[in-house]
Structures are given as structure tokens and as C-alpha cells.
>>> print(open('input11.cif').read())   # mmCIF, C-alpha atoms
data_input
loop_
_atom_site.label_atom_id
_atom_site.label_comp_id
_atom_site.auth_asym_id
_atom_site.auth_seq_id
_atom_site.Cartn_x
_atom_site.Cartn_y
_atom_site.Cartn_z
CA MET P 30 16.94 -21.87 -23.01
CA THR P 31 15.03 -24.49 -25.01
CA LEU P 32 12.79 -23.78 -27.98
CA LYS P 33 9.82 -24.87 -25.88
CA ALA P 34 10.69 -22.32 -23.20
CA ASP P 35 11.20 -19.61 -25.83
CA LEU P 36 7.78 -20.32 -27.30
CA ALA P 37 6.18 -20.28 -23.84
CA ASP P 38 7.76 -16.91 -23.07
CA ALA P 39 6.55 -15.46 -26.34
CA ALA P 40 3.02 -16.75 -25.75
CA CYS P 41 2.92 -15.32 -22.21
CA LYS P 42 4.04 -11.91 -23.43
CA ARG P 43 1.04 -11.82 -25.75
CA SER P 44 -1.57 -13.34 -23.43
CA TYR P 45 -2.78 -12.06 -20.07
CA VAL P 46 -4.36 -15.44 -19.26
CA LEU P 47 -1.20 -17.45 -20.02
CA SER P 48 0.98 -15.00 -18.09
CA LYS P 49 -1.25 -15.32 -15.04
CA LEU P 50 -1.38 -19.13 -15.31
CA ARG P 51 2.41 -19.42 -15.39
CA PHE P 52 2.85 -17.01 -12.46
CA THR P 53 0.20 -18.80 -10.39
CA LYS P 54 1.68 -22.22 -11.15
CA ARG P 55 5.05 -21.13 -9.75
CA LEU P 56 3.36 -19.57 -6.75
CA ARG P 57 1.41 -22.75 -6.06
CA ARG P 58 4.64 -24.81 -6.00
CA LYS P 59 6.16 -22.39 -3.49
CA TRP P 60 2.98 -22.53 -1.40
CA LYS P 61 3.02 -26.35 -1.22
CA ALA P 62 6.69 -26.36 -0.21
CA ARG P 63 6.24 -23.99 2.75
CA ALA P 64 7.40 -25.17 6.18
CA LYS P 65 5.06 -22.95 8.22
CA ALA P 66 1.93 -20.86 7.90
CA PRO P 67 2.40 -17.59 6.00
CA VAL P 68 2.93 -14.02 7.09
CA VAL P 69 0.76 -11.55 5.20
CA VAL P 70 1.78 -7.89 5.26
CA HIS P 71 -1.62 -6.56 4.28
CA THR P 72 -1.88 -2.78 4.10
CA MET P 73 -3.13 0.15 2.09
CA GLY P 74 -0.42 1.59 -0.15
CA LYS P 75 2.20 4.13 0.96
CA VAL P 76 2.37 3.27 4.66
CA GLY P 77 5.89 1.82 4.82
CA SER P 78 4.86 -1.78 4.23
CA THR P 79 7.72 -2.62 1.86
CA SER P 80 10.27 -2.06 4.65
CA VAL P 81 8.31 -4.29 7.02
CA CYS P 82 7.85 -7.03 4.44
CA ASN P 83 11.55 -7.06 3.50
CA ALA P 84 12.67 -7.10 7.15
CA ILE P 85 10.46 -10.11 7.94
CA ALA P 86 11.54 -12.01 4.83
CA GLN P 87 15.25 -11.39 5.50
CA ALA P 88 15.00 -12.63 9.09
CA GLN P 89 13.66 -16.09 8.21
CA ASP P 90 12.84 -18.46 5.37
CA GLU P 91 10.36 -20.90 6.93
CA ARG P 92 7.25 -18.75 6.64
CA PRO P 93 6.33 -17.49 3.16
CA VAL P 94 5.84 -13.72 3.26
CA PHE P 95 3.12 -12.12 1.15
CA HIS P 96 2.77 -8.40 0.52
CA THR P 97 -0.78 -7.37 -0.39
CA HIS P 98 -2.87 -4.20 -0.64
CA PHE P 99 -6.23 -5.81 -1.41
CA LEU P 100 -7.92 -9.17 -0.87
CA SER P 101 -11.58 -8.31 -1.39
CA ASP P 102 -13.57 -9.81 -4.27
CA TYR P 103 -14.72 -6.37 -5.37
CA ILE P 104 -11.23 -4.91 -5.73
CA ILE P 105 -9.65 -7.99 -7.35
CA THR P 106 -12.49 -8.42 -9.86
CA ARG P 107 -12.34 -4.75 -10.90
CA LEU P 108 -8.56 -4.72 -11.21
CA GLU P 109 -8.55 -7.99 -13.16
CA ALA P 110 -10.94 -6.49 -15.70
CA ASP P 111 -8.85 -3.32 -16.03
CA SER P 112 -5.58 -5.24 -16.29
CA LYS P 113 -6.87 -7.53 -19.04
CA ALA P 114 -8.08 -4.54 -21.04
CA LEU P 115 -4.78 -2.66 -20.67
CA PHE P 116 -2.42 -5.67 -20.90
CA ARG P 117 0.87 -4.69 -22.59
CA SER P 118 -0.37 -1.16 -23.29
CA HIS P 119 1.33 2.10 -22.31
CA GLN P 120 -1.50 2.74 -19.83
CA GLU P 121 -0.77 -0.40 -17.80
CA GLN P 122 0.49 0.76 -14.40
CA LEU P 123 -0.72 -1.82 -11.87
CA SER P 124 1.84 -4.44 -10.87
CA LEU P 125 0.41 -7.69 -12.25
CA PRO P 126 2.39 -9.91 -9.82
CA LEU P 127 0.82 -7.91 -6.97
CA LEU P 128 -2.65 -8.53 -8.38
CA TRP P 129 -2.04 -12.21 -9.06
CA ARG P 130 -0.50 -12.85 -5.62
CA SER P 131 -3.52 -11.21 -4.02
CA ALA P 132 -5.95 -13.30 -6.07
CA PHE P 133 -4.04 -16.50 -5.20
CA LEU P 134 -3.90 -15.66 -1.50
CA GLN P 135 -7.59 -14.83 -1.45
CA GLN P 136 -8.30 -18.34 -2.78
CA GLN P 137 -6.14 -19.88 -0.04
CA ILE P 138 -7.97 -17.90 2.64
CA LYS P 139 -11.34 -19.10 1.31
CA ALA P 140 -10.10 -22.70 1.19
CA ALA P 141 -8.46 -22.71 4.63
CA ALA P 142 -10.41 -24.42 7.38
CA ASP P 143 -8.61 -22.21 9.91
CA THR P 144 -6.22 -19.30 9.37
CA GLY P 145 -5.34 -19.22 13.07
CA GLU P 146 -1.64 -19.88 12.46
CA TRP P 147 -1.38 -17.21 9.80
CA LYS P 148 0.11 -13.87 10.84
CA PHE P 149 -1.30 -10.64 9.40
CA VAL P 150 0.68 -7.41 9.79
CA THR P 151 -0.87 -4.08 8.85
CA LEU P 152 0.06 -0.41 9.17
CA THR P 153 -1.70 2.92 9.51
CA ARG P 154 -0.57 6.44 8.63
CA ASP P 155 -1.80 10.01 8.80
CA PRO P 156 -4.52 9.70 6.10
CA VAL P 157 -3.64 12.98 4.39
CA ALA P 158 0.08 12.16 4.24
CA ARG P 159 -0.80 8.73 2.89
CA ASN P 160 -3.14 10.13 0.23
CA VAL P 161 -0.67 12.76 -0.95
CA SER P 162 2.11 10.17 -1.13
CA ALA P 163 -0.10 7.70 -3.03
CA PHE P 164 -1.11 10.39 -5.52
CA PHE P 165 2.49 11.35 -6.26
CA GLU P 166 3.52 7.70 -6.55
CA ASN P 167 1.95 7.55 -10.01
CA ILE P 168 2.90 11.03 -11.21
CA TYR P 169 5.91 11.70 -13.38
CA LEU P 170 7.58 15.08 -12.84
CA THR P 171 10.09 16.68 -15.19
CA PRO P 172 12.49 19.11 -13.48
CA ALA P 173 11.99 22.81 -14.20
CA ARG P 174 12.58 23.81 -17.80
CA SER P 175 14.09 27.03 -19.09
CA ASN P 176 10.64 28.62 -19.21
CA GLY P 177 10.10 27.97 -15.48
CA THR P 178 7.59 25.14 -15.83
CA ILE P 179 7.57 21.47 -14.89
CA HIS P 180 5.87 18.74 -16.88
CA VAL P 181 3.33 16.70 -14.89
CA ALA P 182 2.16 13.43 -16.42
CA ALA P 183 0.04 10.56 -15.06
CA PRO P 184 -1.73 8.31 -17.60
CA LEU P 185 -3.63 6.65 -14.75
CA TYR P 186 -5.25 9.97 -13.83
CA GLY P 187 -5.50 11.46 -17.32
CA ILE P 188 -2.92 14.16 -16.51
CA ASP P 189 -0.51 15.60 -19.08
CA THR P 190 0.19 19.26 -18.46
CA GLU P 191 2.74 22.00 -17.81
CA ILE P 192 2.58 23.97 -14.58
CA PRO P 193 4.70 26.79 -13.10
CA ALA P 194 7.48 25.23 -11.03
CA GLY P 195 6.44 27.00 -7.84
CA ASP P 196 2.65 26.67 -8.18
CA THR P 197 1.44 23.98 -5.80
CA ASP P 198 -2.19 25.17 -6.05
CA ILE P 199 -2.51 23.50 -9.47
CA LEU P 200 -1.11 20.27 -8.02
CA VAL P 201 -3.64 20.46 -5.19
CA GLU P 202 -6.44 20.87 -7.74
CA LEU P 203 -5.19 17.86 -9.70
CA PHE P 204 -4.93 15.87 -6.47
CA LEU P 205 -8.48 16.72 -5.42
CA THR P 206 -10.15 16.27 -8.81
CA ARG P 207 -8.18 13.56 -10.66
CA TRP P 208 -7.34 11.10 -7.91
CA SER P 209 -10.11 8.78 -6.78
CA ASP P 210 -8.91 7.06 -3.59
CA HIS P 211 -9.28 9.82 -0.99
CA ALA P 212 -11.54 7.57 1.09
CA GLY P 213 -9.09 4.65 0.88
CA PRO P 214 -7.79 4.85 4.47
CA ALA P 215 -11.29 5.23 5.91
CA GLN P 216 -12.55 2.17 3.99
CA PHE P 217 -9.56 -0.15 4.17
CA TYR P 218 -10.00 -1.93 7.51
CA GLU P 219 -13.75 -2.44 7.23
CA ARG P 220 -13.39 -3.90 3.73
CA GLU P 221 -10.11 -5.79 3.94
CA PHE P 222 -10.20 -7.06 7.53
CA GLY P 223 -13.87 -6.87 8.46
CA GLN P 224 -15.40 -8.25 5.26
CA VAL P 225 -12.57 -10.52 4.03
CA LEU P 226 -11.23 -11.88 7.34
CA GLY P 227 -14.14 -11.26 9.70
CA LEU P 228 -11.92 -9.29 12.09
CA ASP P 229 -13.21 -5.95 13.40
CA LEU P 230 -10.21 -3.73 14.14
CA TYR P 231 -12.51 -1.06 15.57
CA ALA P 232 -14.01 -3.32 18.22
CA GLN P 233 -11.48 -2.39 20.89
CA ALA P 234 -9.79 0.88 21.78
CA PHE P 235 -6.42 1.43 20.12
CA ASP P 236 -3.33 1.76 22.34
CA HIS P 237 -2.12 5.19 21.26
CA ALA P 238 0.70 5.23 23.80
CA SER P 239 2.46 2.18 22.35
CA GLY P 240 1.53 2.84 18.73
CA TYR P 241 0.57 -0.76 18.01
CA GLN P 242 -2.18 -3.26 18.79
CA ILE P 243 -2.52 -7.04 18.52
CA TYR P 244 -5.90 -8.47 17.53
CA ALA P 245 -7.20 -12.02 17.63
CA GLY P 246 -10.57 -13.30 16.58
CA ASN P 247 -12.40 -15.39 14.00
CA GLY P 248 -9.29 -17.53 13.57
CA VAL P 249 -7.16 -14.50 12.62
CA ASN P 250 -4.12 -12.99 14.36
CA ALA P 251 -3.17 -9.47 13.33
CA LEU P 252 -0.64 -6.85 14.40
CA LEU P 253 -1.38 -3.22 13.56
CA ILE P 254 1.41 -0.64 13.73
CA ARG P 255 1.24 3.10 13.18
CA LEU P 256 3.88 4.29 10.71
CA GLU P 257 4.57 7.28 12.93
CA ASP P 258 5.66 4.86 15.70
CA MET P 259 8.02 2.77 13.58
CA ASN P 260 11.07 3.02 15.82
CA GLY P 261 13.57 0.49 17.10
CA SER P 262 11.20 -1.02 19.67
CA ILE P 263 8.87 -2.18 16.90
CA ASN P 264 11.52 -4.71 15.85
CA ARG P 265 10.94 -6.60 19.09
CA VAL P 266 7.15 -6.34 18.73
CA LEU P 267 7.38 -7.94 15.28
CA GLU P 268 9.75 -10.64 16.54
CA ASP P 269 7.40 -11.62 19.35
CA PHE P 270 4.32 -11.58 17.14
CA ILE P 271 5.78 -13.59 14.27
CA GLU P 272 8.01 -15.68 16.56
CA VAL P 273 11.10 -14.98 14.49
CA PRO P 274 14.28 -13.37 15.93
CA GLY P 275 16.54 -10.89 14.19
CA ILE P 276 14.01 -8.57 12.52
CA GLU P 277 15.64 -5.21 11.74
CA LEU P 278 13.58 -2.52 10.07
CA THR P 279 15.34 -0.13 7.73
CA HIS P 280 13.89 3.04 6.23
CA GLU P 281 13.23 2.83 2.50
CA ASN P 282 12.25 5.90 0.48
CA PRO P 283 11.78 4.98 -3.21
CA SER P 284 10.97 8.57 -4.21
CA ALA P 285 14.35 9.80 -2.96
CA GLY P 286 16.12 7.84 -5.66
CA LYS P 287 14.02 9.14 -8.52
CA PRO P 288 15.47 11.78 -10.87
CA TYR P 289 12.99 14.32 -9.51
CA GLY P 290 13.46 13.41 -5.83
CA ASP P 291 14.42 16.92 -4.73
CA LEU P 292 11.60 18.45 -6.75
CA TYR P 293 9.15 16.04 -5.13
CA LYS P 294 10.37 16.91 -1.63
CA ASN P 295 10.14 20.65 -2.31
CA LEU P 296 6.61 20.35 -3.69
CA ILE P 297 5.43 18.27 -0.74
CA ALA P 298 6.98 20.73 1.71
CA ARG P 299 4.95 23.60 0.20
CA LEU P 300 1.69 21.71 -0.32
CA ARG P 301 -1.29 23.06 1.65
CA LEU P 302 -4.91 21.86 1.66
CA ASP P 303 -8.29 23.47 2.34
CA ASP P 304 -10.19 23.02 5.60
CA ASP P 305 -13.06 21.11 3.95
CA TYR P 306 -10.72 18.37 2.82
CA LEU P 307 -8.93 18.19 6.16
CA ASP P 308 -12.29 18.07 7.98
CA GLU P 309 -13.32 15.07 5.91
CA MET P 310 -10.05 13.17 6.35
CA TYR P 311 -9.50 13.85 10.04
CA GLY P 312 -13.16 13.47 10.94
CA SER P 313 -13.30 9.90 9.62
CA ARG P 314 -13.80 6.91 11.90
CA TYR P 315 -10.37 5.67 10.85
CA ALA P 316 -8.52 8.85 11.84
CA ARG P 317 -10.36 9.30 15.14
CA HIS P 318 -9.84 5.66 16.17
CA PHE P 319 -6.13 5.28 15.52
CA TYR P 320 -5.01 8.80 16.47
CA THR P 321 -5.73 11.09 19.40
CA ALA P 322 -7.24 14.54 18.99
CA ALA P 323 -3.83 16.06 19.79
CA GLU P 324 -2.11 13.92 17.13
CA LEU P 325 -4.72 14.82 14.53
CA GLY P 326 -4.24 18.47 15.45
CA ARG P 327 -0.52 18.19 14.71
CA PHE P 328 -1.22 16.50 11.37
CA ARG P 329 -3.74 19.19 10.49
CA ARG P 330 -1.32 22.02 11.22
CA ARG P 331 1.18 20.41 8.86
CA TRP P 332 -1.27 20.54 5.92
CA SER P 333 -3.37 23.64 6.70
CA ARG P 334 -3.19 26.85 4.72
CA PRO P 335 -2.00 29.89 6.69
CA ALA P 336 -4.84 31.79 8.37
#
>>> encode(input="input11.cif", output="C-alpha cells")
Amino acid sequence: MTLKADLADAACKRSYVLSKLRFTKRLRRKWKARAKAPVVVHTMGKVGSTSVCNAIAQAQDERPVFHTHFLSDYIITRLEADSKALFRSHQEQLSLPLLWRSAFLQQQIKAAADTGEWKFVTLTRDPVARNVSAFFENIYLTPARSNGTIHVAAPLYGIDTEIPAGDTDILVELFLTRWSDHAGPAQFYEREFGQVLGLDLYAQAFDHASGYQIYAGNGVNALLIRLEDMNGSINRVLEDFIEVPGIELTHENPSAGKPYGDLYKNLIARLRLDDDYLDEMYGSRYARHFYTAAELGRFRRRWSRPA
């Protein structure tokens, strides 16, 4: 590595602005070299989107594949401000490449005369399961100590405490009071597809029997898949939509490989939530549109406290 490159690396490590400029410059070169319009796997977090994104990317190399969780001005502006303030600090938890890719892609969408050849893929999930999973994504758990407690830490939520290993009620309280994105699933499609792309995913009835729906309008083509219906037949649906053969979805579970994977699974298995919270989540427009009353009933029984 040359002295010039060493100096550039050192400068980028100290400067948020320079780091972003270098990342965006590389991304712009890749964008200009693309052979076809992009595929954008655009979802809320914790709905299985990493598996879908990887499967699409591995099946072809002509379409650039982007993985995003937000494209709205409001979200990007807020996260940019937070990331600059926390740059290189121990509190920095957001993936900066994720933020910078989203900001770059948002600019390309605004500049495009027509996004009709772009392909957007999105996923839904039981909103309570998604929220619980998203909450635990940023929590660090220490396996039970000799005194029968586990250490729960999450700088993002201001959590640093010891709790009895078998007490899920304290975790529920932390989930309800310290985490701020409970309404995320209910807001996602109106904000990210309606406002950003001008595509109303609520305008037509969802096909609950197949578990997926294709939408077209305002120069946008989108495929929506329910995580609960991610079986082998979805491979063919993705192939037809993206016009790429050989897509093979594989299940990826990042939490299983963590040191506290078993502890996480045991806690989730015992977690139960109050009726007020379940009423709010399963009464939302999002839940009632993408899931039938019977499906929501099954979800609710999974999370309800015993009578």
C-alpha cells in the first residue's frame, strides 16, 4: 500500500465526511458499470431480507442488488445526524455502509426519469415477532452467572442491568419501555413505498392464499412476500419477477451463531405479552391487510399470557 493510500485511510478513520465520500465514490463507479437496472430488496429489519438479497445476488451478476431498510428523507436525515455525532464512538451501532447505500440509492431514485425497469422486493412478518426480534438484535446477553443472573446490555436503548435468568417479565418491560420502533411495521409501507416511490401497497387486496403479491404502478414494480410463506415455491416467484434463473433461498439465522444463541432461544420461547400491546399490533392496518383474522389469531396465541 502506498503512502498516499495510508494517509487516505488514516484521514477516513478520523472523518465521517471523508469516509462517506470514499464509500460513495466506489459505489458510484459500480453504479455506472451496471449492465441492467437494479434490484432493491427494500424491507423493514428482521424479516428475512438478508437471505433473499444473498440468493438474488448469487444467482446473477448483471443487476446490482441493493439491500435497504429506509429510503425516506426523514429517516436518512435523522440517522445521518446521529451517525455524525457518534462517529467512532462506543455508542455507534448503525451500519454506516447501510446508511450510505440508502442515501445514494435515494438520490438515484430522485434523478431517474423512470424506475420502471427497477425491481423492488419486500417482505412482511408477524409484527410482534418482528418487533421482538428487532429488539433483541441490539441487545447483548451474558449467559447465566453463578448468582443466577444474566447481564443485559444495549447502549442504543440505555440498558445495562442484571436480571434473574428466568425472569422474562423484566425483559418485556425493557422491550415495551426502552425500544422505540413498535409502530415500525405499521408505518413502513406508507412511508417507504407510498411516500418515497408513490406506490400504494394497500390499494388492492392481498393474496393470502399464495403469500405474495406483485404490484405495478407509478413506474415501480414490486414483489411482496410474507416471511411465513418463504418456502421452495417462492424461488420460482422470485425468478419470474426478476427474470433470473437459479435463485435458491437458504435459511440464515444470525442469532443462532452468537455465544448466547441458546439463551436467546429460551428467552424468546418463554416471552409473553399483555393484551393491550397485542391489540395495538394486530389491530393495525398493516396486520389486518397482510394477514387473515385466523392467521392473526394464531400469532396472538403464540404471544399471549395464559388466561
>>> residues_around(input="input11.cif", residues="Leu134 of chain P", least_positions_apart="2", cutoff="12 Å", atoms="all atoms listed in the file", output="number ranges by chain")
P: 53, 56-57, 60, 67-71, 93-102, 105, 126-132, 136-141, 144, 147, 225
>>> closest_residue(input="input11.cif", among="P:Val181, P:Ile243, P:Met73, P:Leu230", to="Phe165 of chain P", atoms="all atoms listed in the file")
P:Val181
>>> resolve_selection(input="input11.cif", expression="the PyMOL selection byres ((chain P and resi 172) around 12)", output="count of residues only")
26
>>> residues_around(input="input11.cif", residues="Asp155 of chain P", least_positions_apart="4", cutoff="8 Å", atoms="all atoms listed in the file", output="MDAnalysis selection string")
chainID P and resid 159 316 328
>>> closest_residue(input="input11.cif", among="P:Asn247, P:Gln89, P:Thr79, P:Ser209", to="Glu146 of chain P", atoms="only C-alpha atoms")
P:Asn247
>>> resolve_selection(input="input11.cif", expression="the PyMOL selection byres ((chain P and resi 63) around 7)", output="ChimeraX atom specification")
/P:59-62,64-65,91-93
>>> residues_near_point(input="input11.cif", point="(-3.9, 8.3, -0.6)", cutoff="8 Å", atoms="all atoms listed in the file", output="ChimeraX atom specification")
/P:74-75,156-164,210-214
>>> write_last_selection(input="input11.cif", atoms="C-alpha atoms", output="PDB file, in the coordinates of the input")
ATOM      1  CA  GLY P  74      -0.420   1.590  -0.150  1.00  0.00           C
ATOM      2  CA  LYS P  75       2.200   4.130   0.960  1.00  0.00           C
ATOM      3  CA  PRO P 156      -4.520   9.700   6.100  1.00  0.00           C
ATOM      4  CA  VAL P 157      -3.640  12.980   4.390  1.00  0.00           C
ATOM      5  CA  ALA P 158       0.080  12.160   4.240  1.00  0.00           C
ATOM      6  CA  ARG P 159      -0.800   8.730   2.890  1.00  0.00           C
ATOM      7  CA  ASN P 160      -3.140  10.130   0.230  1.00  0.00           C
ATOM      8  CA  VAL P 161      -0.670  12.760  -0.950  1.00  0.00           C
ATOM      9  CA  SER P 162       2.110  10.170  -1.130  1.00  0.00           C
ATOM     10  CA  ALA P 163      -0.100   7.700  -3.030  1.00  0.00           C
ATOM     11  CA  PHE P 164      -1.110  10.390  -5.520  1.00  0.00           C
ATOM     12  CA  ASP P 210      -8.910   7.060  -3.590  1.00  0.00           C
ATOM     13  CA  HIS P 211      -9.280   9.820  -0.990  1.00  0.00           C
ATOM     14  CA  ALA P 212     -11.540   7.570   1.090  1.00  0.00           C
ATOM     15  CA  GLY P 213      -9.090   4.650   0.880  1.00  0.00           C
ATOM     16  CA  PRO P 214      -7.790   4.850   4.470  1.00  0.00           C
TER      17      PRO P 214
END
>>> closest_residue(input="input11.cif", among="P:Gln87, P:Gln135, P:Ser80, P:Ser112", to="Lys49 of chain P", atoms="all atoms listed in the file")
P:Ser112
>>> atom_distance(input="input11.cif", atom1="atom CA of Leu152 of chain P", atom2="atom CA of Cys82 of chain P")
11.3 Å
>>> resolve_selection(input="input11.cif", expression="the PyMOL selection byres ((chain P and resi 234) around 12)", output="PyMOL selection string")
chain P and resi 229-233+235-238+240-244+315+317-321
